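A short worksheet on the structure shown next.
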Amino acid sequence: MPEAERQRLVDRLMDARRAVAAAKRAQDAAAESAARAQVDAAKIALGERGPVWWDDGAPDYNRHLLKNTPYAEAAPEAD
């Protein structure tokens, strides 16, 4: 993604986050819902949400207990 497009989307995301905060302060549920939808749309456009757009070939260990992954031995022991 070109830097100018990425910055435009980041700016849109930050505006939407500010709108969420303002709606919460005003206790305006409809405005908060609309602002959250704008946050979601910006995150999808930035590639932070939605379908995976990359494939590095590595297994996905999300939603696995640490002890059931190759990283278990590298994890510090619990006290």
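Chain lettering (A, B, ...) mirrors the order of the structure tokens, residue numbering begins at 1 for each chain separately, and ligand numbering begins at 1 in order of display.
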Which of chain A fall in helix (DSSP H, G or I), as a ChimeraX atom specification:
/A:3-25,29-46,66-68,72-74
Do you know which residues are at most 9 Å from Arg17 in chain A counting only C-alpha atoms, after dropping those on the same chain fewer than 2 positions away, and could you put them as a ChimeraX atom specification?
/A:12-15,19-22,35-36,38-39
Output N, CA and C atoms for every residue in that selection, as a JSON list (two decimals), in the first residue's frame.
```
[["chain", "number", "residue", "atom", "x", "y", "z"],
["A", 12, "ARG", "N", -8.00, 8.46, 9.14],
["A", 12, "ARG", "CA", -9.43, 8.12, 9.24],
["A", 12, "ARG", "C", -9.69, 7.29, 10.50],
["A", 13, "LEU", "N", -8.80, 6.35, 10.79],
["A", 13, "LEU", "CA", -8.94, 5.53, 11.99],
["A", 13, "LEU", "C", -8.88, 6.39, 13.25],
["A", 14, "MET", "N", -7.91, 7.29, 13.31],
["A", 14, "MET", "CA", -7.77, 8.13, 14.49],
["A", 14, "MET", "C", -8.98, 9.06, 14.66],
["A", 15, "ASP", "N", -9.51, 9.59, 13.56],
["A", 15, "ASP", "CA", -10.72, 10.42, 13.64],
["A", 15, "ASP", "C", -11.88, 9.60, 14.20],
["A", 19, "ALA", "N", -14.06, 10.02, 17.61],
["A", 19, "ALA", "CA", -15.53, 10.08, 17.58],
["A", 19, "ALA", "C", -16.14, 9.09, 18.57],
["A", 20, "VAL", "N", -15.53, 7.92, 18.74],
["A", 20, "VAL", "CA", -16.01, 6.96, 19.74],
["A", 20, "VAL", "C", -15.91, 7.59, 21.13],
["A", 21, "ALA", "N", -14.76, 8.18, 21.43],
["A", 21, "ALA", "CA", -14.56, 8.79, 22.75],
["A", 21, "ALA", "C", -15.56, 9.92, 22.99],
["A", 22, "ALA", "N", -15.79, 10.75, 21.99],
["A", 22, "ALA", "CA", -16.73, 11.87, 22.14],
["A", 22, "ALA", "C", -18.14, 11.35, 22.36],
["A", 35, "ALA", "N", -19.60, 5.41, 15.13],
["A", 35, "ALA", "CA", -18.15, 5.64, 15.18],
["A", 35, "ALA", "C", -17.40, 4.32, 15.24],
["A", 36, "ARG", "N", -17.92, 3.36, 16.00],
["A", 36, "ARG", "CA", -17.27, 2.04, 16.06],
["A", 36, "ARG", "C", -17.29, 1.36, 14.69],
["A", 38, "GLN", "N", -17.08, 2.95, 11.91],
["A", 38, "GLN", "CA", -16.02, 3.63, 11.16],
["A", 38, "GLN", "C", -14.65, 3.10, 11.55],
["A", 39, "VAL", "N", -14.44, 2.83, 12.84],
["A", 39, "VAL", "CA", -13.17, 2.24, 13.29],
["A", 39, "VAL", "C", -12.98, 0.89, 12.61]]
```
Can you tell me which residues surround Leu9 in chain A at a distance of at most 10 Å, considering only C-alpha atoms, apart from same-chain residues fewer than 3 positions away, and format the answer as a ChimeraX atom specification?
/A:3-6,12-15,41-46
